[in-house]
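Trainee: Structure file input-v8.pdb (PDB, C-alpha atoms, pLDDT in the B column) is given on the next line.
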```
ATOM      1  CA  MET U   1       3.976  27.703 -45.410  1.00 37.00           C
ATOM      2  CA  ALA U   2       7.454  28.095 -46.928  1.00 41.00           C
ATOM      3  CA  LYS U   3       8.431  30.537 -44.144  1.00 43.00           C
ATOM      4  CA  GLN U   4       7.506  27.903 -41.543  1.00 40.00           C
ATOM      5  CA  THR U   5       9.800  25.266 -43.049  1.00 41.00           C
ATOM      6  CA  LEU U   6      12.583  27.820 -43.334  1.00 45.00           C
ATOM      7  CA  GLN U   7      12.284  28.710 -39.646  1.00 49.00           C
ATOM      8  CA  GLN U   8      12.334  25.070 -38.623  1.00 56.00           C
ATOM      9  CA  GLY U   9      15.439  24.396 -40.648  1.00 85.00           C
ATOM     10  CA  ARG U  10      17.257  27.298 -39.010  1.00 91.00           C
ATOM     11  CA  ARG U  11      19.173  25.922 -36.025  1.00 95.00           C
ATOM     12  CA  TRP U  12      22.383  26.449 -34.067  1.00 96.00           C
ATOM     13  CA  TYR U  13      25.245  24.052 -34.749  1.00 96.00           C
ATOM     14  CA  VAL U  14      28.625  23.703 -33.108  1.00 96.00           C
ATOM     15  CA  LEU U  15      31.822  23.839 -35.159  1.00 96.00           C
ATOM     16  CA  HIS U  16      35.083  22.413 -33.987  1.00 95.00           C
ATOM     17  CA  THR U  17      38.063  24.629 -34.833  1.00 96.00           C
ATOM     18  CA  TYR U  18      41.745  24.626 -34.131  1.00 94.00           C
ATOM     19  CA  SER U  19      42.142  26.185 -30.710  1.00 90.00           C
ATOM     20  CA  GLY U  20      43.154  29.831 -30.932  1.00 95.00           C
ATOM     21  CA  TYR U  21      41.638  30.179 -34.414  1.00 97.00           C
ATOM     22  CA  GLU U  22      38.070  30.903 -33.307  1.00 97.00           C
ATOM     23  CA  GLU U  23      38.161  34.595 -34.348  1.00 97.00           C
ATOM     24  CA  ASN U  24      39.887  33.664 -37.584  1.00 97.00           C
ATOM     25  CA  VAL U  25      37.134  31.128 -38.377  1.00 97.00           C
ATOM     26  CA  GLN U  26      34.431  33.649 -37.489  1.00 97.00           C
ATOM     27  CA  ARG U  27      35.997  36.277 -39.796  1.00 97.00           C
ATOM     28  CA  ASN U  28      36.595  33.829 -42.675  1.00 97.00           C
ATOM     29  CA  LEU U  29      33.122  32.404 -42.414  1.00 97.00           C
ATOM     30  CA  MET U  30      31.484  35.840 -42.452  1.00 96.00           C
ATOM     31  CA  GLN U  31      33.475  36.702 -45.606  1.00 97.00           C
ATOM     32  CA  ARG U  32      32.575  33.392 -47.261  1.00 96.00           C
ATOM     33  CA  ILE U  33      28.872  33.841 -46.461  1.00 96.00           C
ATOM     34  CA  GLU U  34      28.989  37.164 -48.303  1.00 95.00           C
ATOM     35  CA  SER U  35      31.134  36.123 -51.246  1.00 96.00           C
ATOM     36  CA  MET U  36      29.168  32.884 -51.807  1.00 95.00           C
ATOM     37  CA  ASP U  37      25.709  34.425 -51.343  1.00 95.00           C
ATOM     38  CA  MET U  38      24.836  32.315 -48.327  1.00 95.00           C
ATOM     39  CA  GLU U  39      23.051  35.042 -46.284  1.00 95.00           C
ATOM     40  CA  ASP U  40      19.767  33.146 -46.673  1.00 95.00           C
ATOM     41  CA  ARG U  41      21.268  29.923 -45.247  1.00 95.00           C
ATOM     42  CA  ILE U  42      23.978  30.963 -42.783  1.00 96.00           C
ATOM     43  CA  PHE U  43      22.861  33.715 -40.415  1.00 95.00           C
ATOM     44  CA  ASP U  44      25.202  34.121 -37.511  1.00 94.00           C
ATOM     45  CA  VAL U  45      28.606  33.005 -36.244  1.00 96.00           C
ATOM     46  CA  LEU U  46      29.171  33.224 -32.519  1.00 95.00           C
ATOM     47  CA  ILE U  47      32.159  32.672 -30.240  1.00 95.00           C
ATOM     48  CA  PRO U  48      30.791  32.112 -26.717  1.00 94.00           C
ATOM     49  CA  THR U  49      32.774  34.291 -24.304  1.00 93.00           C
ATOM     50  CA  GLU U  50      32.158  35.505 -20.772  1.00 89.00           C
ATOM     51  CA  THR U  51      33.551  38.179 -18.515  1.00 86.00           C
ATOM     52  CA  LYS U  52      35.829  36.923 -15.748  1.00 83.00           C
ATOM     53  CA  ILE U  53      37.676  38.716 -12.978  1.00 81.00           C
ATOM     54  CA  LYS U  54      41.352  37.972 -12.539  1.00 76.00           C
ATOM     55  CA  ILE U  55      43.869  39.329 -10.076  1.00 72.00           C
ATOM     56  CA  ARG U  56      47.236  40.315 -11.559  1.00 71.00           C
ATOM     57  CA  ASN U  57      49.867  41.859  -9.291  1.00 69.00           C
ATOM     58  CA  GLY U  58      47.216  42.531  -6.650  1.00 68.00           C
ATOM     59  CA  LYS U  59      45.108  44.473  -9.175  1.00 73.00           C
ATOM     60  CA  ARG U  60      41.697  43.400 -10.359  1.00 78.00           C
ATOM     61  CA  LYS U  61      41.345  42.933 -14.114  1.00 81.00           C
ATOM     62  CA  THR U  62      38.218  42.104 -16.071  1.00 83.00           C
ATOM     63  CA  VAL U  63      38.906  39.816 -19.016  1.00 84.00           C
ATOM     64  CA  ARG U  64      36.801  38.177 -21.740  1.00 87.00           C
ATOM     65  CA  GLU U  65      37.407  34.448 -21.876  1.00 90.00           C
ATOM     66  CA  LYS U  66      36.149  31.836 -24.283  1.00 93.00           C
ATOM     67  CA  ILE U  67      33.634  29.548 -22.614  1.00 92.00           C
ATOM     68  CA  PHE U  68      34.473  26.688 -25.017  1.00 94.00           C
ATOM     69  CA  PRO U  69      37.931  27.175 -26.546  1.00 95.00           C
ATOM     70  CA  GLY U  70      38.087  25.478 -29.939  1.00 96.00           C
ATOM     71  CA  TYR U  71      34.367  25.802 -30.655  1.00 96.00           C
ATOM     72  CA  VAL U  72      32.289  28.267 -32.655  1.00 96.00           C
ATOM     73  CA  LEU U  73      28.487  28.347 -32.948  1.00 96.00           C
ATOM     74  CA  VAL U  74      26.808  28.802 -36.315  1.00 97.00           C
ATOM     75  CA  ASN U  75      23.156  29.616 -36.860  1.00 96.00           C
ATOM     76  CA  MET U  76      22.245  28.118 -40.221  1.00 96.00           C
ATOM     77  CA  ILE U  77      19.995  25.975 -42.345  1.00 95.00           C
ATOM     78  CA  VAL U  78      21.953  22.854 -43.219  1.00 92.00           C
ATOM     79  CA  ASN U  79      21.838  21.710 -46.835  1.00 92.00           C
ATOM     80  CA  ASP U  80      24.608  20.436 -49.110  1.00 91.00           C
ATOM     81  CA  ASP U  81      25.717  23.934 -50.142  1.00 93.00           C
ATOM     82  CA  SER U  82      25.761  25.552 -46.702  1.00 94.00           C
ATOM     83  CA  TRP U  83      27.390  22.469 -45.165  1.00 93.00           C
ATOM     84  CA  TYR U  84      30.114  22.602 -47.816  1.00 93.00           C
ATOM     85  CA  VAL U  85      30.788  26.336 -47.295  1.00 96.00           C
ATOM     86  CA  VAL U  86      31.138  25.950 -43.525  1.00 96.00           C
ATOM     87  CA  ARG U  87      33.004  22.645 -43.626  1.00 94.00           C
ATOM     88  CA  ASN U  88      35.616  24.002 -46.039  1.00 95.00           C
ATOM     89  CA  THR U  89      36.334  27.199 -44.126  1.00 96.00           C
ATOM     90  CA  PRO U  90      40.035  27.263 -43.172  1.00 96.00           C
ATOM     91  CA  ASN U  91      40.769  26.034 -39.609  1.00 97.00           C
ATOM     92  CA  VAL U  92      37.360  24.357 -39.231  1.00 96.00           C
ATOM     93  CA  THR U  93      37.936  20.726 -38.335  1.00 95.00           C
ATOM     94  CA  GLY U  94      34.288  19.703 -38.497  1.00 93.00           C
ATOM     95  CA  PHE U  95      30.782  19.913 -37.134  1.00 93.00           C
ATOM     96  CA  VAL U  96      30.005  18.459 -33.743  1.00 91.00           C
ATOM     97  CA  GLY U  97      27.492  15.676 -34.292  1.00 86.00           C
ATOM     98  CA  SER U  98      27.132  12.032 -35.079  1.00 73.00           C
ATOM     99  CA  GLY U  99      29.028  10.866 -38.149  1.00 71.00           C
ATOM    100  CA  THR U 100      28.803  13.369 -40.991  1.00 71.00           C
ATOM    101  CA  THR U 101      25.458  14.785 -39.854  1.00 80.00           C
ATOM    102  CA  PRO U 102      25.704  17.979 -37.806  1.00 89.00           C
ATOM    103  CA  THR U 103      23.554  17.793 -34.671  1.00 91.00           C
ATOM    104  CA  PRO U 104      21.831  21.038 -33.695  1.00 94.00           C
ATOM    105  CA  ILE U 105      22.007  22.191 -30.085  1.00 94.00           C
ATOM    106  CA  SER U 106      18.805  23.058 -28.255  1.00 93.00           C
ATOM    107  CA  GLU U 107      17.376  26.574 -28.214  1.00 89.00           C
ATOM    108  CA  ALA U 108      17.509  26.441 -24.391  1.00 92.00           C
ATOM    109  CA  GLU U 109      21.254  25.793 -24.510  1.00 92.00           C
ATOM    110  CA  VAL U 110      21.784  28.719 -26.894  1.00 91.00           C
ATOM    111  CA  LYS U 111      19.615  31.002 -24.735  1.00 90.00           C
ATOM    112  CA  SER U 112      21.547  30.168 -21.579  1.00 90.00           C
ATOM    113  CA  LEU U 113      24.865  30.742 -23.402  1.00 90.00           C
ATOM    114  CA  GLN U 114      23.673  34.099 -24.720  1.00 87.00           C
ATOM    115  CA  LYS U 115      22.567  35.036 -21.216  1.00 87.00           C
ATOM    116  CA  ARG U 116      25.981  34.073 -19.853  1.00 86.00           C
ATOM    117  CA  MET U 117      27.653  36.120 -22.601  1.00 88.00           C
ATOM    118  CA  GLY U 118      25.453  39.136 -22.016  1.00 83.00           C
ATOM    119  CA  VAL U 119      26.372  39.529 -18.377  1.00 70.00           C
ATOM    120  CA  GLU U 120      28.758  42.454 -18.567  1.00 64.00           C
ATOM    121  CA  GLU U 121      29.589  42.754 -14.884  1.00 65.00           C
ATOM    122  CA  PRO U 122      30.670  39.421 -13.459  1.00 63.00           C
ATOM    123  CA  VAL U 123      29.005  38.536 -10.192  1.00 63.00           C
ATOM    124  CA  TYR U 124      31.376  37.988  -7.299  1.00 61.00           C
ATOM    125  CA  LYS U 125      30.981  34.489  -5.987  1.00 63.00           C
ATOM    126  CA  ILE U 126      31.917  34.456  -2.364  1.00 68.00           C
ATOM    127  CA  ASP U 127      31.609  31.371  -0.229  1.00 75.00           C
ATOM    128  CA  VAL U 128      32.805  32.767   3.095  1.00 84.00           C
ATOM    129  CA  SER U 129      30.838  34.387   5.874  1.00 88.00           C
ATOM    130  CA  LYS U 130      31.770  36.518   8.882  1.00 92.00           C
ATOM    131  CA  GLY U 131      33.962  34.542  11.221  1.00 93.00           C
ATOM    132  CA  SER U 132      35.169  32.126   8.502  1.00 92.00           C
ATOM    133  CA  PRO U 133      38.822  31.176   8.805  1.00 95.00           C
ATOM    134  CA  VAL U 134      40.640  32.042   5.555  1.00 95.00           C
ATOM    135  CA  LYS U 135      44.110  31.863   4.058  1.00 95.00           C
ATOM    136  CA  ILE U 136      45.414  34.838   2.067  1.00 93.00           C
ATOM    137  CA  VAL U 137      46.636  33.594  -1.310  1.00 92.00           C
ATOM    138  CA  ASP U 138      47.814  36.834  -2.940  1.00 89.00           C
ATOM    139  CA  GLY U 139      49.286  40.227  -2.101  1.00 88.00           C
ATOM    140  CA  PRO U 140      51.590  41.456   0.676  1.00 89.00           C
ATOM    141  CA  PHE U 141      49.879  39.234   3.298  1.00 91.00           C
ATOM    142  CA  LYS U 142      50.167  36.069   1.198  1.00 93.00           C
ATOM    143  CA  ASP U 143      50.233  32.860   3.289  1.00 94.00           C
ATOM    144  CA  TYR U 144      48.856  34.628   6.393  1.00 94.00           C
ATOM    145  CA  GLU U 145      45.721  33.192   7.923  1.00 95.00           C
ATOM    146  CA  GLY U 146      42.928  35.181   9.425  1.00 95.00           C
ATOM    147  CA  LYS U 147      39.223  35.470  10.152  1.00 95.00           C
ATOM    148  CA  VAL U 148      36.660  37.272   8.003  1.00 95.00           C
ATOM    149  CA  ALA U 149      35.464  40.369   9.891  1.00 95.00           C
ATOM    150  CA  ASP U 150      33.355  42.014   7.203  1.00 93.00           C
ATOM    151  CA  ILE U 151      32.121  41.396   3.651  1.00 90.00           C
ATOM    152  CA  ASP U 152      31.416  44.092   1.060  1.00 86.00           C
ATOM    153  CA  GLU U 153      29.618  42.074  -1.599  1.00 80.00           C
ATOM    154  CA  ALA U 154      29.059  45.036  -3.952  1.00 76.00           C
ATOM    155  CA  ARG U 155      32.743  45.964  -4.161  1.00 80.00           C
ATOM    156  CA  GLY U 156      34.034  42.418  -4.041  1.00 82.00           C
ATOM    157  CA  LYS U 157      36.063  43.130  -0.897  1.00 88.00           C
ATOM    158  CA  VAL U 158      36.474  41.446   2.490  1.00 92.00           C
ATOM    159  CA  LYS U 159      38.011  42.631   5.742  1.00 95.00           C
ATOM    160  CA  VAL U 160      40.157  39.953   7.301  1.00 96.00           C
ATOM    161  CA  LEU U 161      41.557  40.080  10.825  1.00 96.00           C
ATOM    162  CA  VAL U 162      45.167  38.984  10.595  1.00 95.00           C
ATOM    163  CA  SER U 163      47.194  38.254  13.688  1.00 90.00           C
ATOM    164  CA  MET U 164      50.415  40.310  13.562  1.00 85.00           C
ATOM    165  CA  PHE U 165      52.776  41.201  16.381  1.00 85.00           C
ATOM    166  CA  GLY U 166      50.411  39.670  18.908  1.00 87.00           C
ATOM    167  CA  ARG U 167      47.372  41.726  17.893  1.00 91.00           C
ATOM    168  CA  GLU U 168      44.588  41.375  15.327  1.00 91.00           C
ATOM    169  CA  THR U 169      44.900  43.824  12.438  1.00 92.00           C
ATOM    170  CA  PRO U 170      42.094  44.337   9.929  1.00 94.00           C
ATOM    171  CA  VAL U 171      43.237  44.032   6.301  1.00 94.00           C
ATOM    172  CA  GLU U 172      41.007  44.831   3.318  1.00 94.00           C
ATOM    173  CA  LEU U 173      41.388  42.312   0.532  1.00 92.00           C
ATOM    174  CA  ASP U 174      39.777  41.319  -2.719  1.00 88.00           C
ATOM    175  CA  PHE U 175      37.576  38.174  -2.722  1.00 87.00           C
ATOM    176  CA  LEU U 176      40.077  36.614  -5.095  1.00 86.00           C
ATOM    177  CA  GLN U 177      42.942  37.089  -2.647  1.00 91.00           C
ATOM    178  CA  ILE U 178      41.518  34.745  -0.027  1.00 92.00           C
ATOM    179  CA  LYS U 179      40.698  31.061   0.209  1.00 90.00           C
ATOM    180  CA  LYS U 180      38.415  29.362   2.679  1.00 89.00           C
ATOM    181  CA  ILE U 181      40.277  27.024   5.038  1.00 91.00           C
TER
END
```
Output the structure of this file as structure tokens.
Mentor:
Amino acid sequence: MAKQTLQQGRRWYVLHTYSGYEENVQRNLMQRIESMDMEDRIFDVLIPTETKIKIRNGKRKTVREKIFPGYVLVNMIVNDDSWYVVRNTPNVTGFVGSGTTPTPISEAEVKSLQKRMGVEEPVYKIDVSKGSPVKIVDGPFKDYEGKVADIDEARGKVKVLVSMFGRETPVELDFLQIKKI
């Protein structure tokens, strides 16, 4: 019976932190859990991040970005002691909830966040099709307009026919270098 109550009390809560201090809060909190013997009340500290693709100088870079800057998730059983330990961790500004009571977030929300975090290879979202008119927004052909000739979904590339010197020239570009007109 006791195990059942323990499980029910164990929920995910959202902490508000100073932006840019999420890792610092995570580290501090993990140390405090250990030094204050809170392993049976505070179980996990999570910074929701996801993999994004950025283009820098025409090169594709994969970066980890925080999904909610300024927020950290904590899996814990809330009682006076655990609340105090978390609340008084440096750079934590408070729990997200109504008044002084932390409000847990739903399991479904946590699951979908974990799924989003677990996706190592970002999926290329492309909203153009063959024949779509596009504007090139990056690279040597920046500001040229053209028509999509071919799409290579797996590599994240598109072939665009650009009109140069009175003839159409195919140019291979990254999805992120074009914008639908």
Trainee: Step by step, work through what the PyMOL selection byres ((chain U and resi 38-45) around 8) selects in the shown file, and finish by giving those residues as a ChimeraX atom specification.
Mentor: /U:10,26,29-30,32-37,46-47,72-78,82
Trainee: Could you state which residues are captured by the PyMOL selection byres ((chain U and resi 22) around 9) in this file, as a VMD selection string?
Mentor: chain U and resid 17 to 21 23 to 27 47 69 to 72 91 to 92
Trainee: Can you sort out the box for segment 63-78 of chain U, edges along x, y and z, all listed atoms in, 3 Å on every side, with centre and edge lengths in Å to one decimal, as lines of an AutoDock Vina configuration file?
Mentor:
```
center_x = 29.5
center_y = 31.3
center_z = -31.1
size_x = 24.9
size_y = 23.0
size_z = 30.2
```
Trainee: Counting only C-alpha atoms, what is within 8 Å of Lys157 of chain U, bar same-chain residues fewer than 3 positions away, as a compact mmCIF listing (two decimals) with C-alpha atoms, in the coordinates of the input?
Mentor:
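Contents of around_11.txt, freshly written:
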```
# COMPACT_ATOMS: atom_id res chain seq x y z
CA ILE U 151 32.12 41.40 3.65
CA ASP U 152 31.42 44.09 1.06
CA GLU U 153 29.62 42.07 -1.60
CA ALA U 154 29.06 45.04 -3.95
CA GLU U 172 41.01 44.83 3.32
CA LEU U 173 41.39 42.31 0.53
CA ASP U 174 39.78 41.32 -2.72
CA PHE U 175 37.58 38.17 -2.72
```
Trainee: List the spatial neighbours of Ser132 of chain U as number ranges by chain - criterion: any atom at most 6 Å away, all atoms listed in the file, same-chain residues fewer than 2 positions off excluded.
Mentor: U: 128-130, 147-148
Trainee: For this structure, which residues satisfy the selection - the PyMOL selection byres ((chain U and resi 117) around 7) - when it is evaluated on the file as given? I want them as a PyMOL selection string.
Mentor: chain U and resi 48-50+113-116+118-119
Trainee: Could you tell me how far atom CA of Arg87 of chain U lies from atom CA of Glu65 of chain U, in Å and to one decimal?
Mentor: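 Interatomic distance here is 25.1 Å.
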Trainee: I need the residue nearest Phe95 of chain U from this list: U:Lys180, U:His16, U:Arg64, U:Arg11. Use only C-alpha atoms for the distance.
Mentor: U:His16
Trainee: List every protein, DNA or RNA residue that has an atom no more than 6 Å from (41.1, 36.6, 3.5) in the file's coordinate frame, counting only C-alpha atoms, and report them as an MDAnalysis selection string.
Mentor: chainID U and resid 134:136 160 178
Trainee: Interatomic distance between atom CA of Val162 of chain U and atom CA of Ala149 of chain U?
Mentor: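 Going from atom CA of Val162 of chain U over to atom CA of Ala149 of chain U covers 9.8 Å.
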Trainee: What is the atom CA of Asp143 of chain U-atom CA of Lys52 of chain U distance in Å, reported with one decimal?
Mentor: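 Interatomic distance here is 24.2 Å.
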Trainee: Name the closest residue to Gly9 of chain U among the candidates U:Ile67, U:Thr51, U:Gly97, U:Pro104; distances are taken between atoms, counting all atoms listed in the file.
Mentor: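 When distances to Gly9 of chain U are compared using all atoms listed in the file, the smallest one comes from U:Pro104.
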Trainee: Please reconstruct the missing atoms of segment 69-95 of chain U (target: N, CA and C atoms) and return them as a JSON list (two decimals), keeping the file's coordinate frame.
Mentor:
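File written: out.json
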```json
[["chain", "number", "residue", "atom", "x", "y", "z"],
["U", 69, "PRO", "N", 36.85, 26.97, -25.57],
["U", 69, "PRO", "CA", 37.93, 27.18, -26.55],
["U", 69, "PRO", "C", 37.90, 26.07, -27.61],
["U", 70, "GLY", "N", 38.09, 26.47, -28.86],
["U", 70, "GLY", "CA", 38.09, 25.48, -29.94],
["U", 70, "GLY", "C", 36.72, 25.22, -30.54],
["U", 71, "TYR", "N", 35.71, 25.99, -30.10],
["U", 71, "TYR", "CA", 34.37, 25.80, -30.66],
["U", 71, "TYR", "C", 33.75, 27.13, -31.06],
["U", 72, "VAL", "N", 32.99, 27.10, -32.14],
["U", 72, "VAL", "CA", 32.29, 28.27, -32.66],
["U", 72, "VAL", "C", 30.86, 27.83, -32.95],
["U", 73, "LEU", "N", 29.88, 28.69, -32.65],
["U", 73, "LEU", "CA", 28.49, 28.35, -32.95],
["U", 73, "LEU", "C", 28.07, 29.00, -34.25],
["U", 74, "VAL", "N", 27.31, 28.26, -35.06],
["U", 74, "VAL", "CA", 26.81, 28.80, -36.32],
["U", 74, "VAL", "C", 25.30, 28.60, -36.38],
["U", 75, "ASN", "N", 24.60, 29.68, -36.69],
["U", 75, "ASN", "CA", 23.16, 29.62, -36.86],
["U", 75, "ASN", "C", 22.91, 29.50, -38.36],
["U", 76, "MET", "N", 22.37, 28.35, -38.78],
["U", 76, "MET", "CA", 22.24, 28.12, -40.22],
["U", 76, "MET", "C", 21.17, 27.09, -40.55],
["U", 77, "ILE", "N", 20.85, 27.05, -41.83],
["U", 77, "ILE", "CA", 20.00, 25.98, -42.34],
["U", 77, "ILE", "C", 20.96, 25.03, -43.05],
["U", 78, "VAL", "N", 21.01, 23.79, -42.62],
["U", 78, "VAL", "CA", 21.95, 22.85, -43.22],
["U", 78, "VAL", "C", 21.38, 22.27, -44.50],
["U", 79, "ASN", "N", 22.09, 22.46, -45.60],
["U", 79, "ASN", "CA", 21.84, 21.71, -46.84],
["U", 79, "ASN", "C", 23.22, 21.46, -47.43],
["U", 80, "ASP", "N", 23.30, 20.80, -48.55],
["U", 80, "ASP", "CA", 24.61, 20.44, -49.11],
["U", 80, "ASP", "C", 25.50, 21.65, -49.30],
["U", 81, "ASP", "N", 24.91, 22.74, -49.85],
["U", 81, "ASP", "CA", 25.72, 23.93, -50.14],
["U", 81, "ASP", "C", 26.24, 24.59, -48.88],
["U", 82, "SER", "N", 25.34, 24.85, -47.91],
["U", 82, "SER", "CA", 25.76, 25.55, -46.70],
["U", 82, "SER", "C", 26.74, 24.69, -45.90],
["U", 83, "TRP", "N", 26.50, 23.39, -45.87],
["U", 83, "TRP", "CA", 27.39, 22.47, -45.16],
["U", 83, "TRP", "C", 28.79, 22.56, -45.77],
["U", 84, "TYR", "N", 28.85, 22.56, -47.09],
["U", 84, "TYR", "CA", 30.11, 22.60, -47.82],
["U", 84, "TYR", "C", 30.87, 23.90, -47.51],
["U", 85, "VAL", "N", 30.16, 25.03, -47.56],
["U", 85, "VAL", "CA", 30.79, 26.34, -47.30],
["U", 85, "VAL", "C", 31.41, 26.36, -45.91],
["U", 86, "VAL", "N", 30.65, 25.92, -44.91],
["U", 86, "VAL", "CA", 31.14, 25.95, -43.52],
["U", 86, "VAL", "C", 32.27, 24.95, -43.33],
["U", 87, "ARG", "N", 32.05, 23.74, -43.82],
["U", 87, "ARG", "CA", 33.00, 22.64, -43.63],
["U", 87, "ARG", "C", 34.36, 22.96, -44.23],
["U", 88, "ASN", "N", 34.37, 23.71, -45.34],
["U", 88, "ASN", "CA", 35.62, 24.00, -46.04],
["U", 88, "ASN", "C", 36.21, 25.37, -45.70],
["U", 89, "THR", "N", 35.74, 25.96, -44.61],
["U", 89, "THR", "CA", 36.33, 27.20, -44.13],
["U", 89, "THR", "C", 37.66, 26.84, -43.47],
["U", 90, "PRO", "N", 38.73, 27.58, -43.78],
["U", 90, "PRO", "CA", 40.03, 27.26, -43.17],
["U", 90, "PRO", "C", 39.95, 27.20, -41.65],
["U", 91, "ASN", "N", 40.67, 26.25, -41.07],
["U", 91, "ASN", "CA", 40.77, 26.03, -39.61],
["U", 91, "ASN", "C", 39.52, 25.44, -38.96],
["U", 92, "VAL", "N", 38.52, 25.08, -39.77],
["U", 92, "VAL", "CA", 37.36, 24.36, -39.23],
["U", 92, "VAL", "C", 37.69, 22.88, -39.36],
["U", 93, "THR", "N", 37.62, 22.15, -38.25],
["U", 93, "THR", "CA", 37.94, 20.73, -38.34],
["U", 93, "THR", "C", 36.68, 19.88, -38.49],
["U", 94, "GLY", "N", 35.52, 20.47, -38.27],
["U", 94, "GLY", "CA", 34.29, 19.70, -38.50],
["U", 94, "GLY", "C", 33.13, 20.21, -37.67],
["U", 95, "PHE", "N", 31.97, 19.62, -37.94],
["U", 95, "PHE", "CA", 30.78, 19.91, -37.13],
["U", 95, "PHE", "C", 30.78, 18.96, -35.95]]
```
